[in-house]
$ cat data.pdb   # PDB, C-alpha atoms
ATOM      1  CA  GLY A   1    -179.610-124.386  80.049  1.00  0.00           C
ATOM      2  CA  ALA A   2    -180.899-126.769  82.683  1.00  0.00           C
ATOM      3  CA  VAL A   3    -182.890-125.095  85.444  1.00  0.00           C
ATOM      4  CA  VAL A   4    -183.491-126.282  88.974  1.00  0.00           C
ATOM      5  CA  SER A   5    -186.167-124.493  90.976  1.00  0.00           C
ATOM      6  CA  GLN A   6    -186.013-124.566  94.757  1.00  0.00           C
ATOM      7  CA  HIS A   7    -188.897-123.354  96.888  1.00  0.00           C
ATOM      8  CA  PRO A   8    -189.275-121.575  99.215  1.00  0.00           C
ATOM      9  CA  SER A   9    -186.271-119.287  99.066  1.00  0.00           C
ATOM     10  CA  ARG A  10    -186.657-118.231 102.668  1.00  0.00           C
ATOM     11  CA  VAL A  11    -188.532-119.613 105.650  1.00  0.00           C
ATOM     12  CA  ILE A  12    -188.868-118.209 109.147  1.00  0.00           C
ATOM     13  CA  CYS A  13    -190.846-120.311 111.595  1.00  0.00           C
ATOM     14  CA  LYS A  14    -191.236-121.270 115.202  1.00  0.00           C
ATOM     15  CA  SER A  15    -189.391-124.070 116.932  1.00  0.00           C
ATOM     16  CA  GLY A  16    -191.213-127.380 116.625  1.00  0.00           C
ATOM     17  CA  THR A  17    -192.572-126.696 113.153  1.00  0.00           C
ATOM     18  CA  SER A  18    -191.889-129.058 110.276  1.00  0.00           C
ATOM     19  CA  VAL A  19    -190.690-127.392 107.106  1.00  0.00           C
ATOM     20  CA  LYS A  20    -190.817-128.809 103.588  1.00  0.00           C
ATOM     21  CA  ILE A  21    -188.425-127.648 100.867  1.00  0.00           C
ATOM     22  CA  GLU A  22    -189.035-128.540  97.230  1.00  0.00           C
ATOM     23  CA  CYS A  23    -186.477-129.052  94.507  1.00  0.00           C
ATOM     24  CA  ARG A  24    -187.736-129.293  90.934  1.00  0.00           C
ATOM     25  CA  SER A  25    -185.939-129.863  87.672  1.00  0.00           C
ATOM     26  CA  LEU A  26    -187.853-127.725  85.210  1.00  0.00           C
ATOM     27  CA  ASP A  27    -186.618-128.849  81.812  1.00  0.00           C
ATOM     28  CA  PHE A  28    -184.960-132.205  82.380  1.00  0.00           C
ATOM     29  CA  GLN A  29    -185.460-135.470  84.195  1.00  0.00           C
ATOM     30  CA  ALA A  30    -183.404-135.966  87.310  1.00  0.00           C
ATOM     31  CA  THR A  31    -182.896-139.539  88.462  1.00  0.00           C
ATOM     32  CA  THR A  32    -180.609-138.291  91.205  1.00  0.00           C
ATOM     33  CA  MET A  33    -180.860-135.186  93.334  1.00  0.00           C
ATOM     34  CA  PHE A  34    -178.586-134.049  96.135  1.00  0.00           C
ATOM     35  CA  TRP A  35    -179.237-132.042  99.267  1.00  0.00           C
ATOM     36  CA  TYR A  36    -176.544-129.869 100.821  1.00  0.00           C
ATOM     37  CA  ARG A  37    -176.409-127.770 103.952  1.00  0.00           C
ATOM     38  CA  GLN A  38    -174.338-124.648 104.485  1.00  0.00           C
ATOM     39  CA  PHE A  39    -173.782-122.912 107.810  1.00  0.00           C
ATOM     40  CA  PRO A  40    -172.950-119.179 107.743  1.00  0.00           C
ATOM     41  CA  LYS A  41    -169.508-118.521 106.308  1.00  0.00           C
ATOM     42  CA  LYS A  42    -168.907-122.255 105.974  1.00  0.00           C
ATOM     43  CA  SER A  43    -168.657-124.745 103.183  1.00  0.00           C
ATOM     44  CA  LEU A  44    -171.423-126.840 101.685  1.00  0.00           C
ATOM     45  CA  MET A  45    -171.810-130.288 103.155  1.00  0.00           C
ATOM     46  CA  LEU A  46    -173.570-133.101 101.347  1.00  0.00           C
ATOM     47  CA  MET A  47    -176.463-134.330 103.471  1.00  0.00           C
ATOM     48  CA  ALA A  48    -178.031-136.996 101.304  1.00  0.00           C
ATOM     49  CA  THR A  49    -178.445-138.391  97.825  1.00  0.00           C
ATOM     50  CA  SER A  50    -182.023-138.712  96.650  1.00  0.00           C
ATOM     51  CA  ASN A  51    -182.823-141.353  94.046  1.00  0.00           C
ATOM     52  CA  GLU A  52    -186.140-141.422  92.222  1.00  0.00           C
ATOM     53  CA  GLY A  53    -188.322-144.269  93.430  1.00  0.00           C
ATOM     54  CA  SER A  54    -186.000-145.494  96.171  1.00  0.00           C
ATOM     55  CA  LYS A  55    -184.803-144.521  99.614  1.00  0.00           C
ATOM     56  CA  ALA A  56    -182.377-141.691 100.013  1.00  0.00           C
ATOM     57  CA  THR A  57    -178.774-142.347 100.986  1.00  0.00           C
ATOM     58  CA  TYR A  58    -177.706-140.237 103.938  1.00  0.00           C
ATOM     59  CA  GLU A  59    -174.191-139.091 104.739  1.00  0.00           C
ATOM     60  CA  GLN A  60    -172.654-140.061 108.033  1.00  0.00           C
ATOM     61  CA  GLY A  61    -173.948-137.972 110.890  1.00  0.00           C
ATOM     62  CA  VAL A  62    -177.150-136.850 109.165  1.00  0.00           C
ATOM     63  CA  GLU A  63    -180.294-137.953 110.979  1.00  0.00           C
ATOM     64  CA  LYS A  64    -182.641-139.522 108.453  1.00  0.00           C
ATOM     65  CA  ASP A  65    -185.627-139.212 110.796  1.00  0.00           C
ATOM     66  CA  LYS A  66    -184.905-135.516 111.174  1.00  0.00           C
ATOM     67  CA  PHE A  67    -184.374-134.787 107.501  1.00  0.00           C
ATOM     68  CA  LEU A  68    -186.967-136.700 105.500  1.00  0.00           C
ATOM     69  CA  ILE A  69    -186.320-136.939 101.776  1.00  0.00           C
ATOM     70  CA  ASN A  70    -188.843-137.977  99.170  1.00  0.00           C
ATOM     71  CA  HIS A  71    -188.114-138.306  95.448  1.00  0.00           C
ATOM     72  CA  ALA A  72    -191.420-139.484  94.068  1.00  0.00           C
ATOM     73  CA  SER A  73    -190.962-138.332  90.490  1.00  0.00           C
ATOM     74  CA  LEU A  74    -188.190-137.622  88.019  1.00  0.00           C
ATOM     75  CA  THR A  75    -188.617-133.895  88.477  1.00  0.00           C
ATOM     76  CA  LEU A  76    -189.260-133.419  92.188  1.00  0.00           C
ATOM     77  CA  SER A  77    -187.435-134.116  95.411  1.00  0.00           C
ATOM     78  CA  THR A  78    -188.509-132.772  98.787  1.00  0.00           C
ATOM     79  CA  LEU A  79    -186.617-132.293 102.030  1.00  0.00           C
ATOM     80  CA  THR A  80    -188.694-132.051 105.190  1.00  0.00           C
ATOM     81  CA  VAL A  81    -187.013-130.792 108.334  1.00  0.00           C
ATOM     82  CA  THR A  82    -189.141-132.347 111.054  1.00  0.00           C
ATOM     83  CA  SER A  83    -189.755-130.625 114.382  1.00  0.00           C
ATOM     84  CA  ALA A  84    -187.219-127.964 113.520  1.00  0.00           C
ATOM     85  CA  HIS A  85    -185.145-126.316 116.226  1.00  0.00           C
ATOM     86  CA  PRO A  86    -182.861-123.268 116.145  1.00  0.00           C
ATOM     87  CA  GLU A  87    -179.813-125.455 115.474  1.00  0.00           C
ATOM     88  CA  ASP A  88    -181.453-126.522 112.204  1.00  0.00           C
ATOM     89  CA  SER A  89    -181.254-122.938 110.957  1.00  0.00           C
ATOM     90  CA  SER A  90    -179.075-123.023 107.886  1.00  0.00           C
ATOM     91  CA  PHE A  91    -178.914-122.569 104.114  1.00  0.00           C
ATOM     92  CA  TYR A  92    -180.155-125.666 102.319  1.00  0.00           C
ATOM     93  CA  ILE A  93    -179.437-126.121  98.623  1.00  0.00           C
ATOM     94  CA  CYS A  94    -180.318-128.903  96.235  1.00  0.00           C
ATOM     95  CA  SER A  95    -178.805-130.034  92.988  1.00  0.00           C
ATOM     96  CA  ALA A  96    -179.941-132.388  90.268  1.00  0.00           C
ATOM     97  CA  ARG A  97    -178.285-134.593  87.695  1.00  0.00           C
ATOM     98  CA  ASP A  98    -179.730-134.644  84.221  1.00  0.00           C
ATOM     99  CA  ALA A  99    -180.464-138.278  83.362  1.00  0.00           C
ATOM    100  CA  GLY A 100    -179.862-137.475  79.697  1.00  0.00           C
ATOM    101  CA  GLU A 101    -176.351-136.070  80.142  1.00  0.00           C
ATOM    102  CA  SER A 102    -173.123-137.952  80.660  1.00  0.00           C
ATOM    103  CA  ASN A 103    -170.265-137.028  82.974  1.00  0.00           C
ATOM    104  CA  GLN A 104    -172.651-136.205  85.804  1.00  0.00           C
ATOM    105  CA  PRO A 105    -173.134-132.464  85.692  1.00  0.00           C
ATOM    106  CA  GLN A 106    -175.041-131.048  88.618  1.00  0.00           C
ATOM    107  CA  HIS A 107    -177.421-128.152  88.360  1.00  0.00           C
ATOM    108  CA  PHE A 108    -178.073-126.246  91.580  1.00  0.00           C
ATOM    109  CA  GLY A 109    -181.196-124.575  92.872  1.00  0.00           C
ATOM    110  CA  ASP A 110    -180.944-121.109  94.406  1.00  0.00           C
ATOM    111  CA  GLY A 111    -181.154-122.426  97.958  1.00  0.00           C
ATOM    112  CA  THR A 112    -183.492-122.044 100.921  1.00  0.00           C
ATOM    113  CA  ARG A 113    -182.555-119.962 103.920  1.00  0.00           C
ATOM    114  CA  LEU A 114    -184.208-121.532 106.964  1.00  0.00           C
ATOM    115  CA  SER A 115    -184.453-119.612 110.220  1.00  0.00           C
ATOM    116  CA  ILE A 116    -185.991-121.267 113.264  1.00  0.00           C
ATOM    117  CA  LEU A 117    -186.970-118.931 116.080  1.00  0.00           C
TER     118      LEU A 117
ATOM    119  CA  ALA B   1    -162.199-140.491 101.262  1.00  0.00           C
ATOM    120  CA  GLN B   2    -162.202-137.388  99.123  1.00  0.00           C
ATOM    121  CA  LYS B   3    -160.904-134.066 100.309  1.00  0.00           C
ATOM    122  CA  VAL B   4    -160.639-130.592  98.834  1.00  0.00           C
ATOM    123  CA  THR B   5    -158.386-127.980 100.382  1.00  0.00           C
ATOM    124  CA  GLN B   6    -158.652-124.280  99.694  1.00  0.00           C
ATOM    125  CA  ALA B   7    -155.961-122.875 101.913  1.00  0.00           C
ATOM    126  CA  GLN B   8    -156.807-119.232 101.229  1.00  0.00           C
ATOM    127  CA  THR B   9    -159.773-118.279 103.383  1.00  0.00           C
ATOM    128  CA  GLU B  10    -159.823-114.671 102.226  1.00  0.00           C
ATOM    129  CA  ILE B  11    -158.046-112.676  99.530  1.00  0.00           C
ATOM    130  CA  SER B  12    -158.314-108.934  99.068  1.00  0.00           C
ATOM    131  CA  VAL B  13    -156.920-107.189  95.999  1.00  0.00           C
ATOM    132  CA  VAL B  14    -157.385-103.908  94.247  1.00  0.00           C
ATOM    133  CA  GLU B  15    -159.422-103.834  91.077  1.00  0.00           C
ATOM    134  CA  LYS B  16    -157.534-104.740  87.890  1.00  0.00           C
ATOM    135  CA  GLU B  17    -155.036-106.918  89.705  1.00  0.00           C
ATOM    136  CA  ASP B  18    -154.733-110.570  88.747  1.00  0.00           C
ATOM    137  CA  VAL B  19    -155.591-113.089  91.446  1.00  0.00           C
ATOM    138  CA  THR B  20    -155.179-116.859  91.721  1.00  0.00           C
ATOM    139  CA  LEU B  21    -157.307-119.062  93.912  1.00  0.00           C
ATOM    140  CA  ASP B  22    -155.671-122.322  94.943  1.00  0.00           C
ATOM    141  CA  CYS B  23    -157.325-125.727  95.133  1.00  0.00           C
ATOM    142  CA  VAL B  24    -155.690-129.007  96.107  1.00  0.00           C
ATOM    143  CA  TYR B  25    -157.618-132.248  96.135  1.00  0.00           C
ATOM    144  CA  GLU B  26    -157.278-135.826  97.356  1.00  0.00           C
ATOM    145  CA  THR B  27    -159.057-138.829  95.903  1.00  0.00           C
ATOM    146  CA  ARG B  28    -158.464-142.523  95.322  1.00  0.00           C
ATOM    147  CA  ASP B  29    -160.705-142.569  92.261  1.00  0.00           C
ATOM    148  CA  THR B  30    -159.026-142.838  88.887  1.00  0.00           C
ATOM    149  CA  THR B  31    -161.948-141.067  87.267  1.00  0.00           C
ATOM    150  CA  TYR B  32    -163.131-137.899  88.912  1.00  0.00           C
ATOM    151  CA  TYR B  33    -164.447-134.445  88.161  1.00  0.00           C
ATOM    152  CA  LEU B  34    -163.362-131.075  89.432  1.00  0.00           C
ATOM    153  CA  PHE B  35    -165.518-127.976  89.617  1.00  0.00           C
ATOM    154  CA  TRP B  36    -165.360-124.316  90.491  1.00  0.00           C
ATOM    155  CA  TYR B  37    -168.431-122.438  91.698  1.00  0.00           C
ATOM    156  CA  LYS B  38    -168.986-118.783  92.566  1.00  0.00           C
ATOM    157  CA  GLN B  39    -171.310-117.885  95.434  1.00  0.00           C
ATOM    158  CA  PRO B  40    -172.307-114.216  95.589  1.00  0.00           C
ATOM    159  CA  PRO B  41    -173.852-112.764  98.775  1.00  0.00           C
ATOM    160  CA  SER B  42    -177.319-113.738  97.547  1.00  0.00           C
ATOM    161  CA  GLY B  43    -176.324-117.359  98.095  1.00  0.00           C
ATOM    162  CA  GLU B  44    -176.915-119.119  94.805  1.00  0.00           C
ATOM    163  CA  LEU B  45    -174.125-121.199  93.317  1.00  0.00           C
ATOM    164  CA  VAL B  46    -172.925-120.107  89.906  1.00  0.00           C
ATOM    165  CA  PHE B  47    -171.254-122.867  87.921  1.00  0.00           C
ATOM    166  CA  LEU B  48    -167.927-121.811  86.407  1.00  0.00           C
ATOM    167  CA  ILE B  49    -166.207-124.915  85.097  1.00  0.00           C
ATOM    168  CA  ARG B  50    -166.115-128.709  85.169  1.00  0.00           C
ATOM    169  CA  ARG B  51    -163.000-130.670  84.297  1.00  0.00           C
ATOM    170  CA  ASN B  52    -162.629-134.454  84.191  1.00  0.00           C
ATOM    171  CA  SER B  53    -159.522-136.245  85.382  1.00  0.00           C
ATOM    172  CA  PHE B  54    -158.443-137.259  81.888  1.00  0.00           C
ATOM    173  CA  ASP B  55    -158.389-133.747  80.537  1.00  0.00           C
ATOM    174  CA  GLU B  56    -155.398-131.800  81.778  1.00  0.00           C
ATOM    175  CA  GLN B  57    -155.677-129.059  79.228  1.00  0.00           C
ATOM    176  CA  ASN B  58    -155.765-125.629  80.726  1.00  0.00           C
ATOM    177  CA  GLU B  59    -158.811-123.566  79.905  1.00  0.00           C
ATOM    178  CA  ILE B  60    -159.408-119.903  79.380  1.00  0.00           C
ATOM    179  CA  SER B  61    -162.796-118.234  79.339  1.00  0.00           C
ATOM    180  CA  GLY B  62    -162.601-114.490  79.060  1.00  0.00           C
ATOM    181  CA  ARG B  63    -160.854-113.193  82.175  1.00  0.00           C
ATOM    182  CA  TYR B  64    -161.007-116.606  83.826  1.00  0.00           C
ATOM    183  CA  SER B  65    -158.452-119.368  83.434  1.00  0.00           C
ATOM    184  CA  TRP B  66    -157.884-122.703  85.097  1.00  0.00           C
ATOM    185  CA  ASN B  67    -154.705-124.704  85.565  1.00  0.00           C
ATOM    186  CA  PHE B  68    -155.192-128.419  86.216  1.00  0.00           C
ATOM    187  CA  GLN B  69    -152.110-130.395  87.243  1.00  0.00           C
ATOM    188  CA  LYS B  70    -152.633-134.034  88.193  1.00  0.00           C
ATOM    189  CA  SER B  71    -149.009-134.356  89.291  1.00  0.00           C
ATOM    190  CA  THR B  72    -149.645-131.943  92.145  1.00  0.00           C
ATOM    191  CA  SER B  73    -153.391-132.668  92.511  1.00  0.00           C
ATOM    192  CA  SER B  74    -154.168-129.022  91.977  1.00  0.00           C
ATOM    193  CA  PHE B  75    -156.846-127.160  90.073  1.00  0.00           C
ATOM    194  CA  ASN B  76    -156.125-123.466  90.418  1.00  0.00           C
ATOM    195  CA  PHE B  77    -158.301-120.635  89.195  1.00  0.00           C
ATOM    196  CA  THR B  78    -156.996-117.281  87.992  1.00  0.00           C
ATOM    197  CA  ILE B  79    -158.975-114.120  87.408  1.00  0.00           C
ATOM    198  CA  THR B  80    -157.193-111.622  85.210  1.00  0.00           C
ATOM    199  CA  ALA B  81    -157.858-107.892  85.541  1.00  0.00           C
ATOM    200  CA  SER B  82    -160.212-108.410  88.457  1.00  0.00           C
ATOM    201  CA  GLN B  83    -163.383-106.378  88.799  1.00  0.00           C
ATOM    202  CA  VAL B  84    -165.523-105.446  91.798  1.00  0.00           C
ATOM    203  CA  VAL B  85    -168.266-107.750  90.490  1.00  0.00           C
ATOM    204  CA  ASP B  86    -165.885-110.681  90.954  1.00  0.00           C
ATOM    205  CA  SER B  87    -166.209-110.276  94.715  1.00  0.00           C
ATOM    206  CA  ALA B  88    -167.762-113.476  96.062  1.00  0.00           C
ATOM    207  CA  VAL B  89    -166.930-116.751  97.754  1.00  0.00           C
ATOM    208  CA  TYR B  90    -165.409-119.260  95.355  1.00  0.00           C
ATOM    209  CA  PHE B  91    -165.667-122.980  95.959  1.00  0.00           C
ATOM    210  CA  CYS B  92    -163.624-125.753  94.446  1.00  0.00           C
ATOM    211  CA  ALA B  93    -165.367-129.146  94.443  1.00  0.00           C
ATOM    212  CA  LEU B  94    -164.641-132.752  93.598  1.00  0.00           C
ATOM    213  CA  SER B  95    -166.836-135.661  92.551  1.00  0.00           C
ATOM    214  CA  GLY B  96    -166.076-139.291  91.797  1.00  0.00           C
ATOM    215  CA  GLY B  97    -167.772-141.435  89.193  1.00  0.00           C
ATOM    216  CA  GLY B  98    -171.283-142.797  89.417  1.00  0.00           C
ATOM    217  CA  ALA B  99    -173.911-140.987  91.441  1.00  0.00           C
ATOM    218  CA  ASP B 100    -171.582-139.151  93.814  1.00  0.00           C
ATOM    219  CA  GLY B 101    -172.407-135.824  95.327  1.00  0.00           C
ATOM    220  CA  LEU B 102    -169.823-133.066  95.467  1.00  0.00           C
ATOM    221  CA  THR B 103    -167.139-132.646  98.089  1.00  0.00           C
ATOM    222  CA  PHE B 104    -166.553-128.932  98.509  1.00  0.00           C
ATOM    223  CA  GLY B 105    -163.550-127.058  99.772  1.00  0.00           C
ATOM    224  CA  LYS B 106    -164.075-124.476 102.495  1.00  0.00           C
ATOM    225  CA  GLY B 107    -164.195-121.677  99.990  1.00  0.00           C
ATOM    226  CA  THR B 108    -162.120-118.566  99.378  1.00  0.00           C
ATOM    227  CA  HIS B 109    -163.718-115.202 100.041  1.00  0.00           C
ATOM    228  CA  LEU B 110    -162.476-112.892  97.311  1.00  0.00           C
ATOM    229  CA  ILE B 111    -162.760-109.161  97.906  1.00  0.00           C
ATOM    230  CA  ILE B 112    -162.047-106.837  95.016  1.00  0.00           C
ATOM    231  CA  GLN B 113    -161.607-103.270  96.181  1.00  0.00           C
ATOM    232  CA  PRO B 114    -162.323-100.381  93.811  1.00  0.00           C
TER     233      PRO B 114
END
$ encode --input "data.pdb" --output "structure tokens"
Amino acid sequence: GAVVSQHPSRVICKSGTSVKIECRSLDFQATTMFWYRQFPKKSLMLMATSNEGSKATYEQGVEKDKFLINHASLTLSTLTVTSAHPEDSSFYICSARDAGESNQPQHFGDGTRLSIL
Amino acid sequence: AQKVTQAQTEISVVEKEDVTLDCVYETRDTTYYLFWYKQPPSGELVFLIRRNSFDEQNEISGRYSWNFQKSTSSFNFTITASQVVDSAVYFCALSGGGADGLTFGKGTHLIIQP
């Protein structure tokens, strides 16, 4: 089946650091990728939709200058949390749509647990 | 706007009991997709099922079954003869047509006691 690889799985870093998270579709082309955020014991909230070769579409309330998204190829999208602070600590998970499949299935990565000290 | 409601925040049953997880959704789209995902403590999302709005047939997969009723905007999930390994958080989710992301419910934490 379709595989989405998300890296790193866990990051612990100091406040003020910028952190990049990668989301790769390993065996399919993904014209659209999605980034979600999950606080502890909470639901997943869509942050932004990443489209290959164009600007990402951010959900209301998500700071685009804080969460930079780049989707430069059909198999890779990156989320950079700029100047991270403790309140940015969360579980971030990406998903990807297979351009070759209909009815928009989404394949999820295993997530990145970000902890800002 | 889309909305998914999982009213049960936590359910605890003894192993081998049957358990039903409720999901009610709201959408103005005529075409939409409903999903169930399992999230074990390790955090990854395990895909369980996808159902489109035109297919109201119930589905059974092993011990899992799903009941989709458009009339009540519900997409409930039943686990028969539950097992300890079924313990996890289960999310119901909704997506419209096009390039929409998923709208998730708040999740139901299912605890299966031995």
$ closest_atom_pairs --input "data.pdb" --of "chain B" --to "chain A" --cutoff "10 Å" --atoms "all atoms listed in the file" --output "JSON lines"
{"residue": "B:Tyr32", "atom": "CA", "partner": "A:Asn103", "partner_atom": "CA", "distance": 9.3}
{"residue": "B:Tyr33", "atom": "CA", "partner": "A:Asn103", "partner_atom": "CA", "distance": 8.2}
{"residue": "B:Phe35", "atom": "CA", "partner": "A:Pro105", "partner_atom": "CA", "distance": 9.7}
{"residue": "B:Ser42", "atom": "CA", "partner": "A:Asp110", "partner_atom": "CA", "distance": 8.8}
{"residue": "B:Gly43", "atom": "CA", "partner": "A:Asp110", "partner_atom": "CA", "distance": 7.0}
{"residue": "B:Glu44", "atom": "CA", "partner": "A:Asp110", "partner_atom": "CA", "distance": 4.5}
{"residue": "B:Leu45", "atom": "CA", "partner": "A:Phe108", "partner_atom": "CA", "distance": 6.6}
{"residue": "B:Val46", "atom": "CA", "partner": "A:Phe108", "partner_atom": "CA", "distance": 8.2}
{"residue": "B:Phe47", "atom": "CA", "partner": "A:His107", "partner_atom": "CA", "distance": 8.1}
{"residue": "B:Arg50", "atom": "CA", "partner": "A:Pro105", "partner_atom": "CA", "distance": 8.0}
{"residue": "B:Arg51", "atom": "CA", "partner": "A:Asn103", "partner_atom": "CA", "distance": 9.7}
{"residue": "B:Asn52", "atom": "CA", "partner": "A:Asn103", "partner_atom": "CA", "distance": 8.1}
{"residue": "B:Val89", "atom": "CA", "partner": "A:Lys41", "partner_atom": "CA", "distance": 9.1}
{"residue": "B:Phe91", "atom": "CA", "partner": "A:Ser43", "partner_atom": "CA", "distance": 8.0}
{"residue": "B:Ala93", "atom": "CA", "partner": "A:Leu44", "partner_atom": "CA", "distance": 9.7}
{"residue": "B:Ser95", "atom": "CA", "partner": "A:Gln104", "partner_atom": "CA", "distance": 8.9}
{"residue": "B:Gly96", "atom": "CA", "partner": "A:Gln104", "partner_atom": "CA", "distance": 9.4}
{"residue": "B:Gly97", "atom": "CA", "partner": "A:Gln104", "partner_atom": "CA", "distance": 7.9}
{"residue": "B:Gly98", "atom": "CA", "partner": "A:Gln104", "partner_atom": "CA", "distance": 7.6}
{"residue": "B:Ala99", "atom": "CA", "partner": "A:Thr32", "partner_atom": "CA", "distance": 7.2}
{"residue": "B:Asp100", "atom": "CA", "partner": "A:Thr49", "partner_atom": "CA", "distance": 8.0}
{"residue": "B:Gly101", "atom": "CA", "partner": "A:Phe34", "partner_atom": "CA", "distance": 6.5}
{"residue": "B:Leu102", "atom": "CA", "partner": "A:Leu46", "partner_atom": "CA", "distance": 7.0}
{"residue": "B:Thr103", "atom": "CA", "partner": "A:Leu46", "partner_atom": "CA", "distance": 7.2}
{"residue": "B:Phe104", "atom": "CA", "partner": "A:Leu44", "partner_atom": "CA", "distance": 6.2}
{"residue": "B:Gly105", "atom": "CA", "partner": "A:Ser43", "partner_atom": "CA", "distance": 6.6}
{"residue": "B:Lys106", "atom": "CA", "partner": "A:Ser43", "partner_atom": "CA", "distance": 4.6}
{"residue": "B:Gly107", "atom": "CA", "partner": "A:Ser43", "partner_atom": "CA", "distance": 6.3}
{"residue": "B:Thr108", "atom": "CA", "partner": "A:Ser43", "partner_atom": "CA", "distance": 9.8}
{"residue": "B:His109", "atom": "CA", "partner": "A:Lys41", "partner_atom": "CA", "distance": 9.2}
$ atom_distance --input "data.pdb" --atom1 "atom CA of A:Asp27" --atom2 "atom CA of A:Ala99"
11.4 Å
$ atom_distance --input "data.pdb" --atom1 "atom CA of B:Ile111" --atom2 "atom CA of B:Lys16"
12.1 Å
$ residues_around --input "data.pdb" --residues "stretch 10-16 of chain A" --least-positions-apart "2" --cutoff "10 Å" --atoms "all atoms listed in the file" --output "list in words"
His7, Pro8, Ser18, Val19, Lys20, Ile21, Val81, Thr82, Ser83, Ala84, His85, Pro86, Glu87, Asp88, Ser89, Phe91, Tyr92, Gly111, Thr112, Arg113, Leu114, Ser115, Ile116 and Leu117 of chain A
$ resolve_selection --input "data.pdb" --expression "the PyMOL selection byres ((chain A and resi 2) around 9)" --output "list in words"
Gly1, Val3, Val4, Ser25, Leu26, Asp27, Phe28, Asp98 and His107 of chain A
$ residues_around --input "data.pdb" --residues "B:Asp18" --least-positions-apart "4" --cutoff "9 Å" --atoms "only C-alpha atoms" --output "PyMOL selection string"
chain B and resi 13+78-82
$ resolve_selection --input "data.pdb" --expression "the PyMOL selection byres ((chain B and resi 2) around 8)" --output "ChimeraX atom specification"
/B:1,3-4,25-28,94,103
$ atom_distance --input "data.pdb" --atom1 "atom CA of B:Asn67" --atom2 "atom CA of B:Leu48"
13.6 Å
$ residues_around --input "data.pdb" --residues "B:Ala88" --least-positions-apart "4" --cutoff "8 Å" --atoms "all atoms listed in the file" --output "VMD selection string"
chain B and resid 38 to 41 109 to 111
$ closest_residue --input "data.pdb" --among "A:Arg37, A:Phe67, A:Gly100, A:Ala72" --to "A:Ser54" --atoms "all atoms listed in the file"
A:Ala72
$ residues_near_point --input "data.pdb" --point "(-191.1, -140.4, 97.3)" --cutoff "12 Å" --atoms "only C-alpha atoms" --output "list of chain:residue names"
A:Ser50, A:Asn51, A:Glu52, A:Gly53, A:Ser54, A:Lys55, A:Ala56, A:Leu68, A:Ile69, A:Asn70, A:His71, A:Ala72, A:Ser73, A:Leu74, A:Thr75, A:Leu76, A:Ser77, A:Thr78, A:Leu79, A:Thr80
$ write_last_selection --input "data.pdb" --atoms "C-alpha atoms" --output "JSON list (two decimals), keeping the file's coordinate frame"
[["chain", "number", "residue", "atom", "x", "y", "z"],
["A", 50, "SER", "CA", -182.02, -138.71, 96.65],
["A", 51, "ASN", "CA", -182.82, -141.35, 94.05],
["A", 52, "GLU", "CA", -186.14, -141.42, 92.22],
["A", 53, "GLY", "CA", -188.32, -144.27, 93.43],
["A", 54, "SER", "CA", -186.00, -145.49, 96.17],
["A", 55, "LYS", "CA", -184.80, -144.52, 99.61],
["A", 56, "ALA", "CA", -182.38, -141.69, 100.01],
["A", 68, "LEU", "CA", -186.97, -136.70, 105.50],
["A", 69, "ILE", "CA", -186.32, -136.94, 101.78],
["A", 70, "ASN", "CA", -188.84, -137.98, 99.17],
["A", 71, "HIS", "CA", -188.11, -138.31, 95.45],
["A", 72, "ALA", "CA", -191.42, -139.48, 94.07],
["A", 73, "SER", "CA", -190.96, -138.33, 90.49],
["A", 74, "LEU", "CA", -188.19, -137.62, 88.02],
["A", 75, "THR", "CA", -188.62, -133.90, 88.48],
["A", 76, "LEU", "CA", -189.26, -133.42, 92.19],
["A", 77, "SER", "CA", -187.44, -134.12, 95.41],
["A", 78, "THR", "CA", -188.51, -132.77, 98.79],
["A", 79, "LEU", "CA", -186.62, -132.29, 102.03],
["A", 80, "THR", "CA", -188.69, -132.05, 105.19]]
$ axis_aligned_box --input "data.pdb" --around "stretch 99-107 of chain B" --padding-each-side "6 Å" --output "JSON"
{"center_x": -168.7, "center_y": -131.3, "center_z": 97.0, "size_x": 22.4, "size_y": 31.3, "size_z": 23.1}
$ resolve_selection --input "data.pdb" --expression "the PyMOL selection byres ((chain B and resi 71) around 12)" --output "ChimeraX atom specification"
/B:24-26,53,56,67-70,72-75
